[in-house]
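Engineer: First the structure, then my questions, so here it is.
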Amino acid sequence: MLARVWSCTTVGIDGVFVHVEADLGVGLPSFSIVGLPDAAVRESRERVLAAIRNCGFEFPSRRITINLAPAHVRKEGARFDLPIAAAILLASGQIPRGAPIEEGVLTGELALDGGVRPARGILAILAAARREGRGPVWIPRANRAEARALPDVPIVAIGSLAALRGDEEVEARVAAMAREASDDDSELDPPAANAAGAAPSEPDLGDVRGQALARRALEIAAAGGHNVLLVGPPGAGKTMLARRLPGILPPLSGEEAIEVATIHSVAGRLAPGAPLVRTPPFRSPHHTISDAGLVGGGRGPLPGEASLAHRGVLFLDEMPEFKRNVLEALRQPLEEGIITIARVGAAVRFPAAFALIGAMNPCPCGHHGDRRRECRCGEELIERYWSKISGPILDRIDLVLEVPALPVDQMLAREAGEPSSRVRDRVLAARARALLRGGPARNAAASTADLERWSPLGASERGLLGHAVERFGLSARGVLRVRRVARTIADLAASEPVRGEHLREAHLQ
């Protein structure tokens with residue numbers, strides 16, 4: 001007796017369909033799973049056996065073989081519990097042939113009492129079902145709110161294995177849930193605060209006293225998607241500034257919000273029942289993080305902090321304290337906006353287009369250049385401290401900015417600074433101008449050809465840039481960096497050509 005059902009696994013953030021075949025053969029009772037399963041999949045034998053018995057079904061006393069095809073794709077996690085149990089019940093005749101689950105896609109972990117626990121990567125599975133035209137997708141009830149982010153994919157959210165009985169009640173539920181899924185787009189219409197950008201709980205730039213140059217740098221970074229390095233003594237407000245960057249970034253579009261939610265779902269970081277958030281993510285890993293934790297990895301592999309910051313901000317506080325190999329792993333995402341993790345037989349790609357905000361002290365003690373406190377570090381020690389960040393990484397940071405300690409009068413000032421909402425309006429206008437030119441929305445992603453096509457420099461501007469190259473020894477990447485930042489400054493000033501004052505400000509930032 002043979003039965004087949006569909007399930008789905010994830011490779012990177014893409015769903016890959018898996019055929020779950022159950023064969024009930026003659027021989028001594030046994031239960032084996034083949035098809036490149038990991039330890040969690042092999043352990044499903046005990047969960048499936050207990051769940052079937054505790055839901056009132058009879059576990060077949062046969063030689064049971066479960067095949068997960070294609071065999072070359074590694075199957076990981078407990079998400080195959082539900083489809084394995086369904087295939088066994090179909091093969092043993094306890095669920096009638098022609099039941100809705102035969103054409104659907106099933107995923108979910110089983111508890112010993114037959115309850116269906118939430119699974120990772122639901123959005124990736126639904127996206128694959130939409131792409132291939134499969135459905136309905138049978139998912140754990142706890143993942144229902146997450147699944148509504150893709151309202152055009154019919155789902156059946158169940159809480160127990162007992163719900164798989166192929167009776168009229170279940171068939172009616174399939175049809176009802178399909179209609180409900182197609183009509184309900186509530187998750188694509190989040191609360192007004194998210195739709196407008198930063199939620200009321202987001203830190204506001206108006207809380208920052210003084211630091212006019214740093215505030216200006218954040219505005220430029222938000223408008224052009226540029227990377228920033230903040231250098232200043234302890235207590236100058238570097239972390240405070242960085243945490244306010246998401247509040248002035250443009251809100252995520254519907255597709256971007258789904259993309260970000262999919263990454264978090266695959267990583268198991270999406271809270272059950274959480275709405276689809278339009279605010280760009282902010283990730284701030286500790287400096288003890290490993291390279292796999294930052295850029296992704298593991299046997300899966302799973303997304304790292306860089307991918308969790310996709311479409312948002314990756315903040316590295318005390319940047320020189322990060323291991324050298326961890327920082328060097330950021331070269332590809334900073335250049336290309338993706339991370340490629342090679343494994344035997346396959347390479348997994350994760351999106352990682354983020355704005356990098358680094359913060360560091362000017363020296364190990366933190367007081368180099370501070371008029372109020374004497375620096376105890378020698379020149380050799382300071383040079384060694386800065387060398388922890390390699391030239392190629394610094395070359396990929398568009399804005400390197402000094403954040404001095406605040407004077408007492410600014411620290412105790414009563415008047416608030418300009419609020420995030422007003423700055424965000426200028427950022428949105430600048431991004432709109434970039435899109436009208438036909439180039440990338442983020443000027444930080446513009447190539448030299450893009451800039452020559454849409455923002456050619458005049459003779460005087462070329463002379464000014466050439467003088468900067470000769471005087472300061474700018475590399476080709478440095479020239480491109482200055483031109484990108486100048487293009488963003490011009491967009492903020494509503495200027496179509498890039499003028500000399502824009503180039504001068506870009507070089508000073």
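Here's how to read the names in the structure tokens: chain A, B, ... by the order shown, residue numbers from 1 in each chain, ligand numbers from 1 in the order shown.
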List the spatial neighbours of stretch 140-147 of chain A as a PyMOL selection string - criterion: any atom at most 7 Å away, only C-alpha atoms, same-chain residues fewer than 2 positions off excluded.

Structural biologist: chain A and resi 108+116-118+122-123+149-150+157-159+272-274

Engineer: Can you pull out every residue within 8 Å of A:Gly114, counting only C-alpha atoms, but drop anything in the same chain fewer than 2 positions away, and send it as a ChimeraX atom specification?

Structural biologist: /A:50-52,54-55,110-112,116,160-162

Engineer: Which of these residues is nearest to A:Leu302, using only C-alpha atoms: A:Ala3, A:Ile13, A:Leu245, A:Ile389?

Structural biologist: A:Ile13

Engineer: Write out as an mmCIF file with N, CA and C atoms, in the first residue's frame each polymer residue whose atoms come within 10 Å of stretch 58-74 of chain A, counting only C-alpha atoms; drop sequence neighbours fewer than 5 positions from it.

Structural biologist:
```cif
data_model
loop_
_atom_site.group_PDB
_atom_site.id
_atom_site.type_symbol
_atom_site.label_atom_id
_atom_site.label_comp_id
_atom_site.auth_asym_id
_atom_site.auth_seq_id
_atom_site.Cartn_x
_atom_site.Cartn_y
_atom_site.Cartn_z
ATOM 1 N N MET A 1 0.846 -1.188 0.000
ATOM 2 C CA MET A 1 0.000 0.000 0.000
ATOM 3 C C MET A 1 0.881 1.238 0.000
ATOM 4 N N LEU A 2 0.634 2.133 -0.930
ATOM 5 C CA LEU A 2 1.483 3.294 -1.139
ATOM 6 C C LEU A 2 0.626 4.551 -1.176
ATOM 7 N N ALA A 3 1.119 5.617 -0.566
ATOM 8 C CA ALA A 3 0.432 6.908 -0.601
ATOM 9 C C ALA A 3 1.471 8.009 -0.691
ATOM 10 N N ARG A 4 1.074 9.136 -1.295
ATOM 11 C CA ARG A 4 1.976 10.279 -1.453
ATOM 12 C C ARG A 4 1.256 11.561 -1.060
ATOM 13 N N TRP A 6 2.327 16.044 -0.481
ATOM 14 C CA TRP A 6 3.338 17.062 -0.734
ATOM 15 C C TRP A 6 3.702 17.774 0.561
ATOM 16 N N SER A 7 4.972 18.097 0.692
ATOM 17 C CA SER A 7 5.432 18.992 1.750
ATOM 18 C C SER A 7 6.415 19.964 1.104
ATOM 19 N N THR A 9 10.313 22.173 1.930
ATOM 20 C CA THR A 9 11.421 22.576 2.779
ATOM 21 C C THR A 9 11.955 23.905 2.265
ATOM 22 N N THR A 10 12.913 24.480 2.945
ATOM 23 C CA THR A 10 13.485 25.750 2.516
ATOM 24 C C THR A 10 14.972 25.580 2.228
ATOM 25 N N VAL A 11 15.404 26.176 1.137
ATOM 26 C CA VAL A 11 16.821 26.265 0.786
ATOM 27 C C VAL A 11 17.115 27.753 0.658
ATOM 28 N N VAL A 16 11.264 24.671 -1.467
ATOM 29 C CA VAL A 16 11.511 23.564 -2.400
ATOM 30 C C VAL A 16 10.558 22.434 -2.025
ATOM 31 N N PHE A 17 9.739 21.994 -2.978
ATOM 32 C CA PHE A 17 8.733 20.973 -2.693
ATOM 33 C C PHE A 17 9.366 19.611 -2.493
ATOM 34 N N VAL A 18 8.787 18.865 -1.568
ATOM 35 C CA VAL A 18 9.260 17.530 -1.227
ATOM 36 C C VAL A 18 8.077 16.573 -1.310
ATOM 37 N N HIS A 19 8.274 15.457 -2.039
ATOM 38 C CA HIS A 19 7.260 14.423 -2.126
ATOM 39 C C HIS A 19 7.471 13.458 -0.959
ATOM 40 N N VAL A 20 6.464 13.324 -0.105
ATOM 41 C CA VAL A 20 6.536 12.408 1.035
ATOM 42 C C VAL A 20 5.764 11.145 0.665
ATOM 43 N N GLU A 21 6.492 10.038 0.489
ATOM 44 C CA GLU A 21 5.889 8.765 0.087
ATOM 45 C C GLU A 21 5.907 7.800 1.269
ATOM 46 N N ALA A 22 4.788 7.134 1.489
ATOM 47 C CA ALA A 22 4.686 6.138 2.554
ATOM 48 C C ALA A 22 4.323 4.797 1.936
ATOM 49 N N ASP A 23 5.137 3.788 2.213
ATOM 50 C CA ASP A 23 4.873 2.432 1.726
ATOM 51 C C ASP A 23 4.679 1.513 2.934
ATOM 52 N N LEU A 24 3.545 0.816 2.950
ATOM 53 C CA LEU A 24 3.236 -0.149 4.002
ATOM 54 C C LEU A 24 3.428 -1.542 3.427
ATOM 55 N N GLY A 25 4.580 -2.122 3.719
ATOM 56 C CA GLY A 25 4.920 -3.409 3.132
ATOM 57 C C GLY A 25 4.724 -4.571 4.093
ATOM 58 N N VAL A 26 4.973 -5.763 3.554
ATOM 59 C CA VAL A 26 4.851 -6.994 4.336
ATOM 60 C C VAL A 26 6.189 -7.273 5.015
ATOM 61 N N GLY A 27 6.135 -7.739 6.271
ATOM 62 C CA GLY A 27 7.340 -8.057 7.009
ATOM 63 C C GLY A 27 7.203 -7.678 8.458
ATOM 64 N N LEU A 28 8.288 -7.819 9.176
ATOM 65 C CA LEU A 28 8.268 -7.454 10.583
ATOM 66 C C LEU A 28 8.006 -5.958 10.731
ATOM 67 N N PRO A 29 7.211 -5.553 11.746
ATOM 68 C CA PRO A 29 6.919 -4.130 11.938
ATOM 69 C C PRO A 29 8.202 -3.316 12.108
ATOM 70 N N SER A 30 8.311 -2.275 11.331
ATOM 71 C CA SER A 30 9.470 -1.371 11.414
ATOM 72 C C SER A 30 9.041 -0.017 10.849
ATOM 73 N N PHE A 31 9.880 0.982 11.073
ATOM 74 C CA PHE A 31 9.562 2.350 10.630
ATOM 75 C C PHE A 31 10.883 3.007 10.253
ATOM 76 N N SER A 32 11.114 3.224 8.972
ATOM 77 C CA SER A 32 12.363 3.835 8.514
ATOM 78 C C SER A 32 12.061 5.025 7.612
ATOM 79 N N ILE A 33 12.959 6.005 7.649
ATOM 80 C CA ILE A 33 12.828 7.218 6.838
ATOM 81 C C ILE A 33 14.091 7.373 6.007
ATOM 82 N N VAL A 34 13.946 7.506 4.698
ATOM 83 C CA VAL A 34 15.074 7.691 3.797
ATOM 84 C C VAL A 34 14.844 8.969 2.998
ATOM 85 N N GLY A 35 15.931 9.424 2.338
ATOM 86 C CA GLY A 35 15.821 10.642 1.536
ATOM 87 C C GLY A 35 16.613 11.789 2.113
ATOM 88 N N LEU A 36 17.772 11.488 2.704
ATOM 89 C CA LEU A 36 18.679 12.478 3.280
ATOM 90 C C LEU A 36 18.035 13.253 4.430
ATOM 91 N N PRO A 37 17.467 12.554 5.433
ATOM 92 C CA PRO A 37 16.893 13.259 6.587
ATOM 93 C C PRO A 37 17.969 13.596 7.612
ATOM 94 N N ASP A 38 17.772 14.683 8.352
ATOM 95 C CA ASP A 38 18.688 14.965 9.452
ATOM 96 C C ASP A 38 18.160 14.313 10.726
ATOM 97 N N ARG A 45 9.849 9.736 13.892
ATOM 98 C CA ARG A 45 9.205 8.435 14.025
ATOM 99 C C ARG A 45 8.464 8.322 15.352
ATOM 100 N N VAL A 48 5.436 10.889 15.465
ATOM 101 C CA VAL A 48 4.337 10.475 14.594
ATOM 102 C C VAL A 48 3.586 9.287 15.188
ATOM 103 N N LEU A 49 4.319 8.310 15.693
ATOM 104 C CA LEU A 49 3.684 7.126 16.274
ATOM 105 C C LEU A 49 2.768 7.521 17.433
ATOM 106 N N ALA A 50 3.272 8.333 18.374
ATOM 107 C CA ALA A 50 2.465 8.736 19.525
ATOM 108 C C ALA A 50 1.287 9.602 19.105
ATOM 109 N N ALA A 51 1.509 10.531 18.146
ATOM 110 C CA ALA A 51 0.425 11.429 17.723
ATOM 111 C C ALA A 51 -0.705 10.654 17.058
ATOM 112 N N ILE A 52 -0.367 9.690 16.202
ATOM 113 C CA ILE A 52 -1.406 8.893 15.533
ATOM 114 C C ILE A 52 -2.245 8.135 16.561
ATOM 115 N N ARG A 53 -1.609 7.507 17.513
ATOM 116 C CA ARG A 53 -2.347 6.728 18.512
ATOM 117 C C ARG A 53 -3.186 7.632 19.414
ATOM 118 N N PHE A 80 8.369 18.008 8.871
ATOM 119 C CA PHE A 80 7.853 16.878 8.098
ATOM 120 C C PHE A 80 6.988 15.926 8.926
ATOM 121 N N ILE A 84 4.321 13.280 7.080
ATOM 122 C CA ILE A 84 4.626 11.856 7.260
ATOM 123 C C ILE A 84 3.424 11.141 7.868
ATOM 124 N N ALA A 85 2.828 11.736 8.902
ATOM 125 C CA ALA A 85 1.644 11.136 9.522
ATOM 126 C C ALA A 85 0.492 11.053 8.526
ATOM 127 N N ALA A 87 0.666 10.820 5.234
ATOM 128 C CA ALA A 87 0.942 9.791 4.235
ATOM 129 C C ALA A 87 0.664 8.400 4.797
ATOM 130 N N ILE A 88 1.025 8.176 6.063
ATOM 131 C CA ILE A 88 0.768 6.874 6.691
ATOM 132 C C ILE A 88 -0.734 6.619 6.817
ATOM 133 N N LEU A 89 -1.489 7.637 7.224
ATOM 134 C CA LEU A 89 -2.935 7.479 7.378
ATOM 135 C C LEU A 89 -3.621 7.253 6.029
ATOM 136 N N ALA A 91 -2.095 5.794 3.379
ATOM 137 C CA ALA A 91 -1.697 4.467 2.919
ATOM 138 C C ALA A 91 -2.451 3.366 3.654
ATOM 139 N N SER A 92 -2.794 3.605 4.927
ATOM 140 C CA SER A 92 -3.503 2.592 5.709
ATOM 141 C C SER A 92 -5.018 2.678 5.553
ATOM 142 N N GLN A 94 -7.056 5.014 6.568
ATOM 143 C CA GLN A 94 -7.776 5.707 7.630
ATOM 144 C C GLN A 94 -8.195 7.113 7.203
ATOM 145 N N ARG A 299 24.354 24.108 9.566
ATOM 146 C CA ARG A 299 24.154 22.979 8.659
ATOM 147 C C ARG A 299 23.026 23.242 7.691
ATOM 148 N N GLY A 300 22.149 24.206 8.033
ATOM 149 C CA GLY A 300 20.963 24.517 7.222
ATOM 150 C C GLY A 300 21.236 24.973 5.801
ATOM 151 N N GLY A 345 27.823 20.539 -2.752
ATOM 152 C CA GLY A 345 26.724 20.244 -3.654
ATOM 153 C C GLY A 345 25.757 21.378 -3.881
ATOM 154 N N ALA A 346 25.879 22.494 -3.157
ATOM 155 C CA ALA A 346 24.913 23.583 -3.334
ATOM 156 C C ALA A 346 25.488 24.874 -2.758
#
```

Engineer: Which residue gives the smallest distance to A:Glu259 among A:Leu464, A:Pro246, A:Pro333, A:Ala124, with only C-alpha atoms counted?

Structural biologist: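 Ranking A:Leu464, A:Pro246, A:Pro333, A:Ala124 by distance to A:Glu259, first place goes to A:Ala124.
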
Engineer: Could you name the residues that touch A:Arg79 at 6 Å or less, counting only C-alpha atoms, but leaving out those on the same chain fewer than 4 positions away, as a ChimeraX atom specification?

Structural biologist: /A:107-109,119

Engineer: Out of stretch 383-423 of chain A, which residues get strand (DSSP E) from DSSP, as a VMD selection string?

Structural biologist: chain A and resid 399 to 402

Engineer: What's the 9 Å shell around A:Ala236, counting only C-alpha atoms, without same-chain residues fewer than 6 positions away, as a VMD selection string?

Structural biologist: chain A and resid 211 403 to 406

Engineer: Keeping C-alpha atoms, export the residues of the selection given above as a PDB file, in the first residue's frame.

Structural biologist:
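And here's part-v1.pdb as it stands now:
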```
ATOM      1  CA  GLN A 211      25.269  67.050  16.914  1.00  0.00           C
ATOM      2  CA  VAL A 403      30.999  62.770  16.766  1.00  0.00           C
ATOM      3  CA  PRO A 404      32.498  65.021  19.464  1.00  0.00           C
ATOM      4  CA  ALA A 405      31.442  65.106  23.104  1.00  0.00           C
ATOM      5  CA  LEU A 406      28.588  67.538  23.666  1.00  0.00           C
TER       6      LEU A 406
END
```

Engineer: How many Å separate atom CA of A:Leu241 from atom CA of A:Arg504?

Structural biologist: 23.6 Å

Engineer: Could you make a table, as a Markdown table, of the residues of stretch 205-263 of chain A that have an atom within 10 Å of an atom of stretch 422-427 of chain A, each with its nearest atom pair and distance in Å to one decimal, counting only C-alpha atoms, in chain and number order?

Structural biologist:
```
| residue | atom | partner | partner_atom | distance |
| --- | --- | --- | --- | --- |
| A:Leu205 | CA | A:Val423 | CA | 8.5 |
| A:Gly206 | CA | A:Arg422 | CA | 9.7 |
| A:Arg215 | CA | A:Val423 | CA | 9.5 |
| A:Arg216 | CA | A:Val423 | CA | 9.5 |
| A:Leu218 | CA | A:Val423 | CA | 9.6 |
| A:Glu219 | CA | A:Val423 | CA | 6.9 |
| A:Ile220 | CA | A:Val427 | CA | 8.0 |
| A:Ala221 | CA | A:Val427 | CA | 9.3 |
| A:Ala222 | CA | A:Val427 | CA | 6.5 |
| A:Ala223 | CA | A:Val427 | CA | 4.7 |
| A:Gly224 | CA | A:Val427 | CA | 8.4 |
| A:Leu245 | CA | A:Arg424 | CA | 9.8 |
| A:Pro246 | CA | A:Arg424 | CA | 9.8 |
| A:Gly247 | CA | A:Arg424 | CA | 7.5 |
| A:Ile248 | CA | A:Arg424 | CA | 4.4 |
| A:Leu249 | CA | A:Arg424 | CA | 6.4 |
| A:Pro250 | CA | A:Arg424 | CA | 7.0 |
| A:Pro251 | CA | A:Arg424 | CA | 9.6 |
```

Engineer: Can you write just those residues out, C-alpha atoms, as a PDB file, in the first residue's frame?

Structural biologist:
```pdb
ATOM      1  CA  LEU A 205      15.623  62.057  16.104  1.00  0.00           C
ATOM      2  CA  GLY A 206      14.142  65.022  17.962  1.00  0.00           C
ATOM      3  CA  ARG A 215      22.192  64.494  12.188  1.00  0.00           C
ATOM      4  CA  ARG A 216      22.969  65.749   8.687  1.00  0.00           C
ATOM      5  CA  LEU A 218      22.155  60.393   9.081  1.00  0.00           C
ATOM      6  CA  GLU A 219      19.796  62.264   6.770  1.00  0.00           C
ATOM      7  CA  ILE A 220      22.186  61.796   3.832  1.00  0.00           C
ATOM      8  CA  ALA A 221      22.646  58.132   4.729  1.00  0.00           C
ATOM      9  CA  ALA A 222      18.883  57.556   4.834  1.00  0.00           C
ATOM     10  CA  ALA A 223      18.264  59.380   1.559  1.00  0.00           C
ATOM     11  CA  GLY A 224      20.954  57.508  -0.372  1.00  0.00           C
ATOM     12  CA  LEU A 245      18.152  55.947  11.656  1.00  0.00           C
ATOM     13  CA  PRO A 246      15.268  53.461  11.019  1.00  0.00           C
ATOM     14  CA  GLY A 247      12.792  56.197  11.993  1.00  0.00           C
ATOM     15  CA  ILE A 248      13.843  58.386   9.044  1.00  0.00           C
ATOM     16  CA  LEU A 249      14.107  55.599   6.466  1.00  0.00           C
ATOM     17  CA  PRO A 250      11.246  55.142   3.979  1.00  0.00           C
ATOM     18  CA  PRO A 251       8.657  52.579   5.171  1.00  0.00           C
TER      19      PRO A 251
END
```

Engineer: Using Å and a single decimal, report how far atom CA of A:Ala468 sits from atom CA of A:Gly232.

Structural biologist: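 Going from atom CA of A:Gly232 over to atom CA of A:Ala468, I get 25.2 Å.
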
Engineer: Using only C-alpha atoms, which residue out of A:Thr288, A:Ser44, A:Ser455, A:Thr279 lies closest to A:Ala309?

Structural biologist: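 Of A:Thr288, A:Ser44, A:Ser455, A:Thr279, the one nearest A:Ala309 is A:Thr279, counting only C-alpha atoms.
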